[in-house]
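Structure file final05.cif (mmCIF, C-alpha atoms) is printed below.
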data_model
#
loop_
_atom_site.label_atom_id
_atom_site.label_comp_id
_atom_site.auth_asym_id
_atom_site.auth_seq_id
_atom_site.Cartn_x
_atom_site.Cartn_y
_atom_site.Cartn_z
CA MET A 294 -44.79 -15.01 -20.95
CA HIS A 295 -42.84 -14.88 -17.67
CA ALA A 296 -39.97 -17.26 -16.81
CA PRO A 297 -40.61 -19.55 -13.83
CA LYS A 298 -39.34 -18.07 -10.55
CA ALA A 299 -36.92 -20.97 -9.97
CA LEU A 300 -35.38 -20.44 -13.43
CA THR A 301 -35.02 -16.69 -12.79
CA LEU A 302 -33.19 -17.34 -9.50
CA LEU A 303 -30.96 -19.92 -11.19
CA THR A 304 -30.09 -17.43 -13.92
CA LEU A 305 -29.29 -14.77 -11.33
CA ALA A 306 -27.06 -17.16 -9.39
CA PHE A 307 -25.24 -18.17 -12.58
CA SER A 308 -24.74 -14.50 -13.52
CA LEU A 309 -23.26 -13.74 -10.09
CA GLN A 310 -20.96 -16.73 -10.44
CA LEU A 311 -19.73 -15.49 -13.81
CA LEU A 312 -19.19 -12.01 -12.36
CA ALA A 313 -17.06 -13.43 -9.54
CA ALA A 314 -15.08 -15.54 -12.01
CA GLU A 315 -14.19 -12.46 -14.02
CA LYS A 316 -12.71 -10.60 -11.06
CA PRO A 317 -8.92 -10.29 -11.35
CA VAL A 318 -6.57 -11.97 -8.88
CA PHE A 319 -3.15 -10.37 -8.45
CA LEU A 320 -0.03 -11.90 -6.91
CA TRP A 321 2.63 -9.58 -5.45
CA LEU A 322 6.28 -10.56 -6.03
CA ASP A 323 8.34 -8.83 -3.34
CA ALA A 324 11.74 -7.60 -4.53
CA HIS A 325 13.89 -8.83 -1.64
CA ALA A 326 11.97 -11.88 -0.42
CA ASN A 327 11.98 -13.43 -3.90
CA PHE A 328 15.38 -12.30 -5.11
CA ALA A 329 16.77 -15.85 -5.23
CA ARG A 330 13.40 -17.52 -5.90
CA LEU A 331 13.04 -15.51 -9.14
CA GLY A 332 16.75 -15.32 -9.89
CA THR A 333 16.79 -17.31 -13.15
CA LYS A 334 14.55 -17.78 -16.17
CA ASP A 335 13.78 -21.37 -15.15
CA SER A 336 12.64 -20.28 -11.69
CA ILE A 337 10.42 -17.59 -13.21
CA ILE A 338 8.85 -20.16 -15.53
CA ARG A 339 8.16 -22.48 -12.58
CA VAL A 340 6.51 -19.75 -10.50
CA LEU A 341 4.39 -18.32 -13.31
CA ASP A 342 3.25 -21.77 -14.39
CA LYS A 343 2.14 -22.40 -10.83
CA ALA A 344 0.43 -19.03 -10.54
CA GLU A 345 -1.50 -19.59 -13.75
CA SER A 346 -2.52 -23.09 -12.69
CA VAL A 347 -4.19 -21.94 -9.45
CA GLY A 348 -6.13 -19.06 -11.02
CA ILE A 349 -3.88 -16.01 -10.67
CA THR A 350 -4.62 -13.54 -13.48
CA ALA A 351 -1.98 -10.86 -12.89
CA VAL A 352 1.41 -10.38 -11.24
CA ILE A 353 2.88 -7.30 -9.57
CA ILE A 354 6.63 -7.20 -10.10
CA ASP A 355 8.19 -5.31 -7.22
CA LEU A 356 11.30 -3.50 -8.44
CA ARG A 357 12.49 -1.71 -5.32
CA GLY A 358 12.68 -2.55 -1.63
CA ILE A 359 12.71 -0.17 1.33
CA ASP A 360 16.43 0.48 0.76
CA GLY A 361 15.69 2.10 -2.61
CA TYR A 362 17.92 -0.30 -4.56
CA VAL A 363 16.29 -1.37 -7.85
CA LEU A 364 16.11 -4.64 -9.80
CA TYR A 365 16.70 -3.18 -13.25
CA PRO A 366 19.82 -1.57 -14.79
CA SER A 367 19.15 1.99 -13.64
CA ARG A 368 21.39 4.95 -14.34
CA ILE A 369 19.69 6.91 -11.55
CA ALA A 370 19.17 4.60 -8.57
CA PRO A 371 21.56 2.09 -6.97
CA VAL A 372 21.09 -1.44 -8.33
CA LEU A 373 20.62 -4.53 -6.14
CA LYS A 374 22.96 -7.22 -7.46
CA GLU A 375 23.09 -9.55 -4.47
CA CYS A 376 20.64 -10.35 -1.67
CA GLU A 377 21.13 -12.72 1.27
CA GLY A 378 24.07 -14.41 -0.40
CA PHE A 379 22.44 -14.92 -3.80
CA LYS A 380 23.86 -13.09 -6.82
CA ARG A 381 21.98 -12.87 -10.07
CA ALA A 382 23.87 -13.27 -13.32
CA ASP A 383 25.06 -9.97 -14.77
CA ASN A 384 23.31 -10.65 -18.08
CA PHE A 385 20.00 -11.69 -16.49
CA ASP A 386 17.22 -9.28 -17.48
CA TYR A 387 14.83 -9.91 -14.60
CA VAL A 388 12.14 -7.43 -15.60
CA GLY A 389 12.22 -8.28 -19.29
CA THR A 390 12.02 -12.01 -18.54
CA MET A 391 9.15 -11.56 -16.09
CA LEU A 392 7.16 -9.46 -18.55
CA SER A 393 7.66 -11.78 -21.54
CA GLU A 394 6.88 -14.94 -19.56
CA ALA A 395 3.78 -13.36 -18.03
CA ARG A 396 2.48 -12.39 -21.47
CA ARG A 397 3.19 -15.88 -22.75
CA ARG A 398 0.68 -17.17 -20.19
CA GLY A 399 -1.88 -14.43 -20.69
CA LEU A 400 -1.13 -12.88 -17.31
CA LYS A 401 -1.28 -9.12 -16.83
CA ALA A 402 1.97 -7.70 -15.47
CA TYR A 403 2.40 -4.54 -13.38
CA LEU A 404 5.57 -2.91 -12.09
CA SER A 405 5.81 -1.65 -8.52
CA MET A 406 8.30 0.46 -6.60
CA ASN A 407 8.57 1.76 -3.06
CA THR A 408 8.22 5.51 -3.26
CA PHE A 409 9.35 7.61 -0.31
CA SER A 410 11.35 4.87 1.43
CA GLU A 411 14.99 5.38 0.49
CA GLY A 412 16.90 3.50 3.16
CA ASP A 413 17.00 0.39 5.34
CA LYS A 414 17.69 1.38 8.93
CA ARG A 415 18.95 -2.09 9.83
CA ASN A 416 22.04 -1.80 7.63
CA LYS A 417 21.96 1.94 6.82
CA LYS A 418 21.75 1.11 3.13
CA GLY A 419 20.16 3.44 0.58
CA ILE A 420 20.54 6.96 -0.72
CA ALA A 421 18.89 8.36 2.43
CA TYR A 422 22.17 7.35 4.10
CA GLU A 423 24.70 7.07 1.30
CA LYS A 424 23.94 10.12 -0.81
CA HIS A 425 21.17 12.36 0.53
CA PRO A 426 20.83 12.18 4.32
CA GLU A 427 19.38 15.70 4.15
CA TRP A 428 16.31 14.21 2.46
CA GLN A 429 15.34 12.16 5.53
CA VAL A 430 12.08 13.09 7.22
CA LYS A 431 12.37 14.62 10.68
CA VAL A 432 10.56 12.55 13.29
CA TYR A 433 8.91 14.10 16.36
CA SER A 434 8.99 11.83 19.40
CA LYS A 435 9.35 12.15 23.17
CA ASP A 436 13.09 12.44 22.54
CA GLY A 437 12.66 15.53 20.36
CA ILE A 438 12.83 16.09 16.58
CA VAL A 439 15.50 14.03 14.83
CA PRO A 440 16.16 12.57 11.33
CA ILE A 441 14.37 9.25 10.93
CA GLY A 442 17.71 7.49 10.57
CA GLU A 443 18.49 8.44 14.16
CA SER A 444 15.04 7.62 15.51
CA LYS A 445 13.56 4.40 16.88
CA GLU A 446 10.72 4.45 14.35
CA GLY A 447 10.38 1.48 12.03
CA ILE A 448 12.96 -0.05 9.71
CA ALA A 449 12.44 2.15 6.64
CA ALA A 450 14.17 5.52 6.27
CA PHE A 451 11.61 7.76 4.57
CA VAL A 452 12.44 10.93 2.69
CA ASN A 453 10.47 14.17 2.74
CA PRO A 454 7.80 14.54 0.01
CA ILE A 455 7.65 18.32 0.46
CA LEU A 456 11.15 18.65 -1.04
CA PRO A 457 11.05 19.28 -4.83
CA GLU A 458 14.25 17.30 -5.34
CA VAL A 459 12.70 14.25 -3.66
CA ARG A 460 9.59 14.38 -5.83
CA GLU A 461 11.72 14.85 -8.95
CA TYR A 462 13.85 11.84 -8.06
CA GLU A 463 10.83 9.57 -7.56
CA CYS A 464 9.20 10.70 -10.80
CA SER A 465 12.43 10.29 -12.77
CA LEU A 466 12.73 6.65 -11.73
CA TRP A 467 9.35 5.81 -13.20
CA GLU A 468 10.11 7.69 -16.40
CA GLU A 469 13.34 5.72 -16.68
CA VAL A 470 11.87 2.27 -16.14
CA LEU A 471 8.89 2.95 -18.41
CA HIS A 472 11.27 3.99 -21.17
CA MET A 473 12.97 0.59 -20.82
CA TYR A 474 9.97 -1.75 -20.38
CA LYS A 475 6.36 -2.05 -21.51
CA ALA A 476 4.04 -3.21 -18.73
CA ASP A 477 0.27 -3.14 -18.20
CA GLY A 478 0.58 -0.56 -15.45
CA ILE A 479 2.43 0.60 -12.38
CA VAL A 480 1.74 0.36 -8.65
CA LEU A 481 3.03 2.92 -6.17
CA ASP A 482 3.88 1.59 -2.72
CA ARG A 483 4.73 3.63 0.41
CA ALA A 484 3.72 6.83 -1.36
CA ARG A 485 3.10 8.37 2.04
CA TYR A 486 4.68 9.66 5.22
CA SER A 487 6.32 7.21 7.61
CA SER A 488 3.77 7.92 10.37
CA ILE A 489 2.03 10.73 12.25
CA ALA A 490 5.48 11.59 13.66
CA SER A 491 6.80 12.95 10.35
CA ASP A 492 7.66 15.35 8.89
CA PHE A 493 8.63 18.09 11.35
CA SER A 494 11.47 19.65 9.37
CA ASP A 495 11.90 23.39 8.82
CA ALA A 496 10.83 22.87 5.20
CA SER A 497 7.53 21.34 6.29
CA ARG A 498 6.95 23.99 8.93
CA LYS A 499 7.39 26.79 6.38
CA ALA A 500 5.16 25.06 3.83
CA PHE A 501 2.46 24.45 6.45
CA GLU A 502 2.57 28.06 7.66
CA LYS A 503 2.13 29.21 4.06
CA TYR A 504 -0.80 26.81 3.70
CA ILE A 505 -2.66 28.19 6.76
CA GLY A 506 -1.55 31.77 6.15
CA LYS A 507 0.01 32.41 9.56
CA PRO A 508 2.98 31.33 11.70
CA VAL A 509 2.79 28.44 14.13
CA LYS A 510 3.64 30.06 17.44
CA CYS A 511 4.54 26.97 19.46
CA TRP A 512 6.24 24.40 17.24
CA PRO A 513 5.58 21.48 17.32
CA TYR A 514 3.21 21.69 20.31
CA ASP A 515 0.51 23.54 18.35
CA ILE A 516 0.32 20.38 16.22
CA TYR A 517 0.34 17.97 19.12
CA THR A 518 2.02 17.44 22.47
CA LEU A 519 3.50 14.17 23.67
CA CYS A 520 3.03 13.34 27.32
CA VAL A 521 4.91 10.47 28.96
CA LEU A 522 2.60 8.71 31.42
CA ALA A 523 3.59 7.03 34.69
CA ASP A 524 3.57 3.59 33.05
CA GLY A 525 5.98 4.82 30.36
CA LYS A 526 3.39 5.00 27.59
CA VAL A 527 3.22 8.14 25.46
CA LYS A 528 -0.05 10.02 25.08
CA GLN A 529 -0.74 12.40 22.21
CA ASP A 530 -2.69 15.57 22.98
CA ARG A 531 -3.94 17.42 19.91
CA GLY A 532 -2.96 21.05 19.47
CA PRO A 533 -4.97 23.85 17.80
CA HIS A 534 -3.50 23.10 14.34
CA PHE A 535 -3.71 19.30 14.51
CA ARG A 536 -6.61 18.79 12.09
CA LYS A 537 -5.33 21.37 9.62
CA TRP A 538 -1.91 19.69 9.79
CA LEU A 539 -3.52 16.39 8.76
CA GLU A 540 -5.23 18.12 5.85
CA TRP A 541 -1.98 19.76 4.73
CA ARG A 542 -0.05 16.48 4.78
CA ALA A 543 -2.80 14.80 2.73
CA GLN A 544 -2.65 17.71 0.29
CA VAL A 545 1.12 17.23 -0.12
CA ILE A 546 0.56 13.59 -1.09
CA TYR A 547 -2.38 14.51 -3.33
CA ASN A 548 -0.16 16.99 -5.19
CA PHE A 549 2.52 14.33 -5.64
CA PHE A 550 0.00 11.86 -7.08
CA SER A 551 -1.26 14.50 -9.47
CA GLU A 552 2.28 15.26 -10.60
CA ILE A 553 3.49 11.71 -11.04
CA ARG A 554 0.27 10.60 -12.75
CA ALA A 555 0.70 13.32 -15.38
CA ARG A 556 4.29 12.28 -16.05
CA VAL A 557 3.49 8.55 -16.20
CA LYS A 558 0.56 9.09 -18.56
CA LYS A 559 2.71 11.34 -20.74
CA SER A 560 5.20 8.51 -20.97
CA ASP A 561 2.47 6.00 -21.91
CA SER A 562 -1.20 6.95 -21.77
CA THR A 563 -2.29 3.29 -21.92
CA LEU A 564 -0.64 2.40 -18.61
CA ALA A 565 -2.78 1.74 -15.56
CA PHE A 566 -1.72 4.12 -12.77
CA THR A 567 -2.41 2.53 -9.39
CA ASP A 568 -1.51 2.57 -5.71
CA TYR A 569 -1.34 0.27 -2.70
CA VAL A 570 -2.59 1.47 0.72
CA GLY A 571 -3.69 -0.01 4.03
CA ALA A 572 -7.46 -0.49 4.28
CA TRP A 573 -7.74 0.95 7.80
CA TYR A 574 -9.14 4.30 6.63
CA PRO A 575 -10.41 5.46 10.08
CA ILE A 576 -6.78 5.78 11.27
CA TYR A 577 -4.87 6.03 7.97
CA TYR A 578 -4.58 9.79 8.36
CA ASP A 579 -1.49 8.88 10.39
CA MET A 580 0.25 8.24 7.07
CA GLY A 581 -0.69 11.60 5.56
CA VAL A 582 -2.84 9.94 2.92
CA ASN A 583 -6.44 10.33 1.81
CA TRP A 584 -7.14 7.59 -0.72
CA ALA A 585 -10.89 8.21 -0.67
CA SER A 586 -13.07 9.95 -3.22
CA PRO A 587 -13.30 13.73 -2.76
CA LYS A 588 -17.06 13.16 -2.71
CA TYR A 589 -16.72 11.36 0.61
CA HIS A 590 -16.84 13.67 3.66
CA PRO A 591 -14.94 12.05 6.54
CA GLU A 592 -15.69 14.97 8.89
CA LYS A 593 -19.22 13.60 9.20
CA GLU A 594 -17.86 10.45 10.88
CA TYR A 595 -14.41 11.22 12.26
CA ASP A 596 -13.29 13.98 14.59
CA TRP A 597 -9.81 14.23 13.02
CA ALA A 598 -11.07 15.55 9.67
CA THR A 599 -11.60 19.21 8.79
CA PRO A 600 -14.62 20.27 6.71
CA THR A 601 -12.26 20.61 3.72
CA TYR A 602 -10.21 17.43 4.23
CA HIS A 603 -12.31 15.66 1.59
CA ARG A 604 -10.71 17.79 -1.13
CA THR A 605 -7.47 15.83 -0.68
CA GLY A 606 -9.08 12.54 -1.80
CA TYR A 607 -7.01 11.22 -4.70
CA ALA A 608 -9.05 8.16 -5.74
CA PRO A 609 -10.06 9.78 -9.09
CA LEU A 610 -6.38 10.15 -9.99
CA LEU A 611 -5.99 6.35 -9.99
CA ASP A 612 -7.13 3.71 -12.45
CA PHE A 613 -7.61 1.23 -9.61
CA LEU A 614 -6.53 0.78 -6.00
CA PHE A 615 -5.20 -2.02 -3.82
CA VAL A 616 -6.33 -1.83 -0.19
CA GLY A 617 -4.67 -4.09 2.36
CA THR A 618 -7.45 -5.78 4.32
CA TYR A 619 -4.73 -7.15 6.56
CA PHE A 620 -6.74 -8.72 9.36
CA TYR A 621 -6.88 -12.29 10.61
CA ASP A 622 -10.54 -11.96 11.54
CA VAL A 623 -12.78 -12.26 8.52
CA THR A 624 -16.21 -11.21 9.80
CA LYS A 625 -17.16 -8.17 11.86
CA GLY A 626 -18.41 -10.45 14.63
CA GLU A 627 -15.06 -12.21 14.84
CA ALA A 628 -13.26 -8.88 15.14
CA ILE A 629 -15.53 -7.64 17.91
CA LYS A 630 -15.11 -10.88 19.84
CA SER A 631 -11.32 -11.06 19.51
CA HIS A 632 -10.87 -7.46 20.66
CA THR A 633 -12.51 -8.03 24.05
CA PRO A 634 -11.54 -6.27 26.19
CA ALA A 635 -10.77 -3.30 23.97
CA PRO A 636 -7.01 -2.56 24.03
CA ASP A 637 -7.33 1.16 23.23
CA GLU A 638 -8.46 3.74 25.76
CA GLY A 639 -12.02 4.94 25.23
CA LYS A 640 -12.99 2.17 22.80
CA LYS A 641 -15.55 -0.56 23.29
CA PRO A 642 -15.29 -4.03 21.74
CA ALA A 643 -18.10 -3.09 19.34
CA ASP A 644 -15.89 -0.33 17.90
CA TYR A 645 -13.60 -2.96 16.40
CA TRP A 646 -15.97 -4.28 13.74
CA TRP A 647 -13.81 -2.86 10.95
CA TYR A 648 -10.68 -4.64 12.23
CA SER A 649 -11.74 -7.47 9.92
CA VAL A 650 -11.56 -8.36 6.25
CA ASP A 651 -15.29 -7.77 5.83
CA GLY A 652 -15.36 -4.52 7.80
CA SER A 653 -12.30 -2.92 6.22
CA ALA A 654 -13.42 -3.93 2.73
CA GLU A 655 -16.83 -2.40 3.42
CA ILE A 656 -15.23 0.89 4.49
CA ALA A 657 -12.96 0.90 1.43
CA MET A 658 -15.90 0.55 -0.93
CA LYS A 659 -17.83 3.18 1.00
CA VAL A 660 -15.18 5.92 1.03
CA THR A 661 -14.11 5.47 -2.60
CA LYS A 662 -17.76 5.86 -3.66
CA GLY A 663 -17.37 3.99 -6.96
CA ALA A 664 -14.64 6.30 -8.25
CA LEU A 665 -12.50 3.33 -9.29
CA PRO A 666 -12.17 -0.45 -8.94
CA VAL A 667 -10.92 -1.46 -5.48
CA TYR A 668 -9.08 -4.72 -4.92
CA GLY A 669 -9.00 -6.20 -1.43
CA SER A 670 -5.56 -7.47 -0.50
CA LEU A 671 -4.41 -10.12 1.96
CA TYR A 672 -1.20 -10.79 3.88
CA VAL A 673 -0.80 -14.56 3.75
CA GLN A 674 1.58 -14.76 6.71
CA GLN A 675 -1.21 -13.72 9.10
CA TYR A 676 -2.91 -17.04 8.41
CA LYS A 677 0.28 -19.09 8.23
CA ASP A 678 1.34 -17.86 11.67
CA LYS A 679 -1.80 -19.43 13.11
CA LYS A 680 -1.62 -22.48 10.82
CA ASP A 681 -5.11 -21.73 9.58
CA PRO A 682 -5.45 -22.22 5.81
CA GLN A 683 -9.24 -22.38 6.05
CA GLN A 684 -9.31 -18.85 7.45
CA PHE A 685 -7.15 -17.78 4.51
CA ILE A 686 -9.64 -19.35 2.11
CA ARG A 687 -12.51 -17.55 3.87
CA ALA A 688 -10.62 -14.26 3.66
CA MET A 689 -9.98 -14.64 -0.08
CA LYS A 690 -13.62 -15.39 -0.72
CA ALA A 691 -14.66 -12.38 1.38
CA ASP A 692 -12.48 -9.94 -0.57
CA LEU A 693 -13.68 -11.39 -3.88
CA LYS A 694 -17.27 -10.97 -2.76
CA LEU A 695 -17.03 -7.48 -1.28
CA THR A 696 -14.50 -5.76 -3.56
CA ASN A 697 -13.70 -5.75 -7.28
CA GLY A 698 -10.98 -8.37 -7.05
CA LEU A 699 -8.17 -9.78 -4.94
CA MET A 700 -4.45 -9.18 -4.39
CA ILE A 701 -2.34 -11.72 -2.51
CA PHE A 702 0.83 -10.67 -0.69
CA ASP A 703 3.20 -12.41 -1.21
CA LEU A 704 4.62 -15.11 -3.46
CA VAL A 705 7.13 -16.17 -0.82
CA HIS A 706 4.31 -17.13 1.58
CA LEU A 707 2.54 -19.26 -1.03
CA ASP A 708 5.69 -20.92 -2.31
CA THR A 709 6.84 -22.16 1.09
CA ASP A 710 4.77 -25.00 2.57
CA ASP A 711 2.68 -25.10 -0.63
CA TRP A 712 -0.04 -22.63 0.22
CA TRP A 713 -0.75 -22.45 -3.51
CA GLN A 714 -3.27 -25.23 -2.96
CA TYR A 715 -5.46 -22.99 -0.81
CA VAL A 716 -5.53 -20.26 -3.44
CA LYS A 717 -6.70 -22.87 -5.93
CA GLN A 718 -9.44 -23.97 -3.54
CA ALA A 719 -10.65 -20.42 -2.99
CA LEU A 720 -10.67 -19.62 -6.71
CA LYS A 721 -12.30 -22.88 -7.76
CA ARG A 722 -14.82 -22.03 -10.45
#
Please lay out the structure from this file as structure tokens.
Amino acid sequence: MHAPKALTLLTLAFSLQLLAAEKPVFLWLDAHANFARLGTKDSIIRVLDKAESVGITAVIIDLRGIDGYVLYPSRIAPVLKECEGFKRADNFDYVGTMLSEARRRGLKAYLSMNTFSEGDKRNKKGIAYEKHPEWQVKVYSKDGIVPIGESKEGIAAFVNPILPEVREYECSLWEEVLHMYKADGIVLDRARYSSIASDFSDASRKAFEKYIGKPVKCWPYDIYTLCVLADGKVKQDRGPHFRKWLEWRAQVIYNFFSEIRARVKKSDSTLAFTDYVGAWYPIYYDMGVNWASPKYHPEKEYDWATPTYHRTGYAPLLDFLFVGTYFYDVTKGEAIKSHTPAPDEGKKPADYWWYSVDGSAEIAMKVTKGALPVYGSLYVQQYKDKKDPQQFIRAMKADLKLTNGLMIFDLVHLDTDDWWQYVKQALKR
């Protein structure tokens, strides 16, 4: 006997609803932005009660900002004791309190740290300035090759992942904190290069030459040349080693992930080992990162990838992955419309379909090829800037539909102006 068609469709719809309800929803707690907001046990209780009430299922406890200062009593890294005029009590165990209060509410709790960012360029704070300036990446710009601390690039002073002492330092921090606290997992952030402009140090040149088996005759012009145009803009012309250089950088990061995963799992095999990246895969090679599956062959779609670039895909090394679908436009159509005329040379408006929550989430699922759960992530401030909570709700629903779950960045944006209410609306069961 067959069930009536209407009943079958109803059952399918109910099953899909249950599946969506089971998808995890993570809330990121930025180290600096929430230093005062989460500075006491009472304030932690308030925030976690609120998070639980709107449907959050997990929190990501950020332990280290771009300056490299940590929020736990480390014997290795400098400790952040005061931020923007607020000083936490000396006996306040922030991490321990967060973990115990999260468990009390049935929330999963993950620890996160910035990885290769070891200094804040705005105040020259961090070990990249105070202790190990020789670790700074060397940035190649129209002004030449200089340490990132002396460059105009960004606000974070990155250190060089090719240096063994840098990798050892980053791994040792995780071993230290995992010896002190028991969490559900860890999240690496900024485990990458600062941009396409780094690293052009002698150490990287030697390592790259070893990788390709021959010297680079014209350094750095055989990687790429920078041409200053009449209007002052800088154009990048690819050199003969450009694509291999991208592969080598991605291999450096792959090797680091392999190394740190082994050490984290040795510390506690039950821990989830995860990473946060930007979802804009078509141009993420700038960061020296290939977060795709090695079974995905980008050279079939993108001219920057070598035939062997796919081997650097580190998705199988992770237990799950956060991808930042950080776009105001939700649908592909919205992205195409809002990017008319196309701002980049040689691109048509139709090329911008993936500059959207839907499009970037689709690419993320495609390139990871089912190797691991992928959680779409949103930057709340993009919607607050335009005073558009309904767009935020649409974006949350899109990530929940297209990926394996949702991460919201950041607590501070929900807690000001009560944007909690819109999370509750989006997660309404």
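Between CA of Ile553 in chain A and CA of Val660 in chain A there is a distance of 23.0 Å.
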Return as a compact mmCIF listing (two decimals) with C-alpha atoms, in the frame of the given file the set of residues that the PyMOL selection byres ((chain A and resi 358) around 8) yields on the displayed structure.
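Below you can see result-v8.txt, which holds the result:
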# COMPACT_ATOMS: atom_id res chain seq x y z
CA ASP A 323 8.34 -8.83 -3.34
CA ALA A 324 11.74 -7.60 -4.53
CA HIS A 325 13.89 -8.83 -1.64
CA ASP A 355 8.19 -5.31 -7.22
CA LEU A 356 11.30 -3.50 -8.44
CA ARG A 357 12.49 -1.71 -5.32
CA ILE A 359 12.71 -0.17 1.33
CA ASP A 360 16.43 0.48 0.76
CA GLY A 361 15.69 2.10 -2.61
CA TYR A 362 17.92 -0.30 -4.56
CA VAL A 363 16.29 -1.37 -7.85
CA MET A 406 8.30 0.46 -6.60
CA ASN A 407 8.57 1.76 -3.06
With the cut-off set at 10 Å and counting only C-alpha atoms, tabulate each residue of range 318-405 of chain A with an atom at most that distance from an atom of range 469-478 of chain A, showing the nearest atom pair and its distance in Å to one decimal, ordered by chain and increasing number, as JSON lines.
{"residue": "A:Ala351", "atom": "CA", "partner": "A:Asp477", "partner_atom": "CA", "distance": 9.6}
{"residue": "A:Ile353", "atom": "CA", "partner": "A:Gly478", "partner_atom": "CA", "distance": 9.2}
{"residue": "A:Ile354", "atom": "CA", "partner": "A:Ala476", "partner_atom": "CA", "distance": 9.9}
{"residue": "A:Leu356", "atom": "CA", "partner": "A:Val470", "partner_atom": "CA", "distance": 9.6}
{"residue": "A:Tyr365", "atom": "CA", "partner": "A:Val470", "partner_atom": "CA", "distance": 7.8}
{"residue": "A:Pro366", "atom": "CA", "partner": "A:Val470", "partner_atom": "CA", "distance": 8.9}
{"residue": "A:Ser367", "atom": "CA", "partner": "A:Glu469", "partner_atom": "CA", "distance": 7.5}
{"residue": "A:Arg368", "atom": "CA", "partner": "A:Glu469", "partner_atom": "CA", "distance": 8.4}
{"residue": "A:Ile369", "atom": "CA", "partner": "A:Glu469", "partner_atom": "CA", "distance": 8.2}
{"residue": "A:Val388", "atom": "CA", "partner": "A:Tyr474", "partner_atom": "CA", "distance": 7.7}
{"residue": "A:Gly389", "atom": "CA", "partner": "A:Tyr474", "partner_atom": "CA", "distance": 7.0}
{"residue": "A:Leu392", "atom": "CA", "partner": "A:Ala476", "partner_atom": "CA", "distance": 7.0}
{"residue": "A:Ser393", "atom": "CA", "partner": "A:Ala476", "partner_atom": "CA", "distance": 9.7}
{"residue": "A:Arg396", "atom": "CA", "partner": "A:Ala476", "partner_atom": "CA", "distance": 9.7}
{"residue": "A:Leu400", "atom": "CA", "partner": "A:Asp477", "partner_atom": "CA", "distance": 9.9}
{"residue": "A:Lys401", "atom": "CA", "partner": "A:Asp477", "partner_atom": "CA", "distance": 6.3}
{"residue": "A:Ala402", "atom": "CA", "partner": "A:Asp477", "partner_atom": "CA", "distance": 5.6}
{"residue": "A:Tyr403", "atom": "CA", "partner": "A:Gly478", "partner_atom": "CA", "distance": 4.8}
{"residue": "A:Leu404", "atom": "CA", "partner": "A:Gly478", "partner_atom": "CA", "distance": 6.5}
{"residue": "A:Ser405", "atom": "CA", "partner": "A:Gly478", "partner_atom": "CA", "distance": 8.8}
Apply the PyMOL selection byres ((chain A and resi 515) around 8) to the displayed file and report the matching residues as an mmCIF file with C-alpha atoms, keeping the file's coordinate frame.
data_model
loop_
_atom_site.group_PDB
_atom_site.id
_atom_site.type_symbol
_atom_site.label_atom_id
_atom_site.label_comp_id
_atom_site.auth_asym_id
_atom_site.auth_seq_id
_atom_site.Cartn_x
_atom_site.Cartn_y
_atom_site.Cartn_z
ATOM 1 C CA VAL A 509 2.790 28.440 14.130
ATOM 2 C CA LYS A 510 3.640 30.060 17.440
ATOM 3 C CA CYS A 511 4.540 26.970 19.460
ATOM 4 C CA TRP A 512 6.240 24.400 17.240
ATOM 5 C CA PRO A 513 5.580 21.480 17.320
ATOM 6 C CA TYR A 514 3.210 21.690 20.310
ATOM 7 C CA ILE A 516 0.320 20.380 16.220
ATOM 8 C CA TYR A 517 0.340 17.970 19.120
ATOM 9 C CA THR A 518 2.020 17.440 22.470
ATOM 10 C CA ARG A 531 -3.940 17.420 19.910
ATOM 11 C CA GLY A 532 -2.960 21.050 19.470
ATOM 12 C CA PRO A 533 -4.970 23.850 17.800
ATOM 13 C CA HIS A 534 -3.500 23.100 14.340
ATOM 14 C CA PHE A 535 -3.710 19.300 14.510
#
*Pick the closest to Asp622 in chain A from A:Pro457, A:Pro682, A:Gly652, A:Pro575: which is it, counting only C-alpha atoms?*
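Smallest separation from Asp622 in chain A among the options: A:Gly652.
Around the point (2.4, -20.3, -20.3), within 7 Å and counting all atoms listed in the file, we find these residues: Asp342, Arg397 and Arg398 of chain A.
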*CA of Thr605 in chain A to CA of Lys316 in chain A, straight-line distance in Å*: 28.9 Å
*Report as a VMD selection string the residues that result from applying the PyMOL selection byres ((chain A and resi 645-650) around 10) to the structure here.*
chain A and resid 572 to 575 617 to 633 635 640 to 644 651 to 656 669 to 671 687 to 689 691 to 692 695
*Shell around Asp492 in chain A at 8 Å using all atoms listed in the file, local window under 2 positions removed, as a ChimeraX atom specification*: /A:430-433,453,486,490,494,497
*Just how far from CA of Ile420 in chain A is CA of Ser487 in chain A, in Å to one decimal?*
16.5 Å
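Each of A:Gln429, A:Thr709, A:Gln674, A:Thr661 was checked against Phe493 in chain A using all atoms listed in the file; the smallest atom-to-atom distance is that of A:Gln429.
Proximity ranking of A:Ser336, A:Asn583, A:Asn697, A:Thr390 relative to Leu610 in chain A places A:Asn583 first, based on all atoms listed in the file.
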_For Asp383 in chain A, the nearest of the candidates A:Leu614, A:Ala565, A:Ala326, A:Leu364, counting only C-alpha atoms_ = A:Leu364
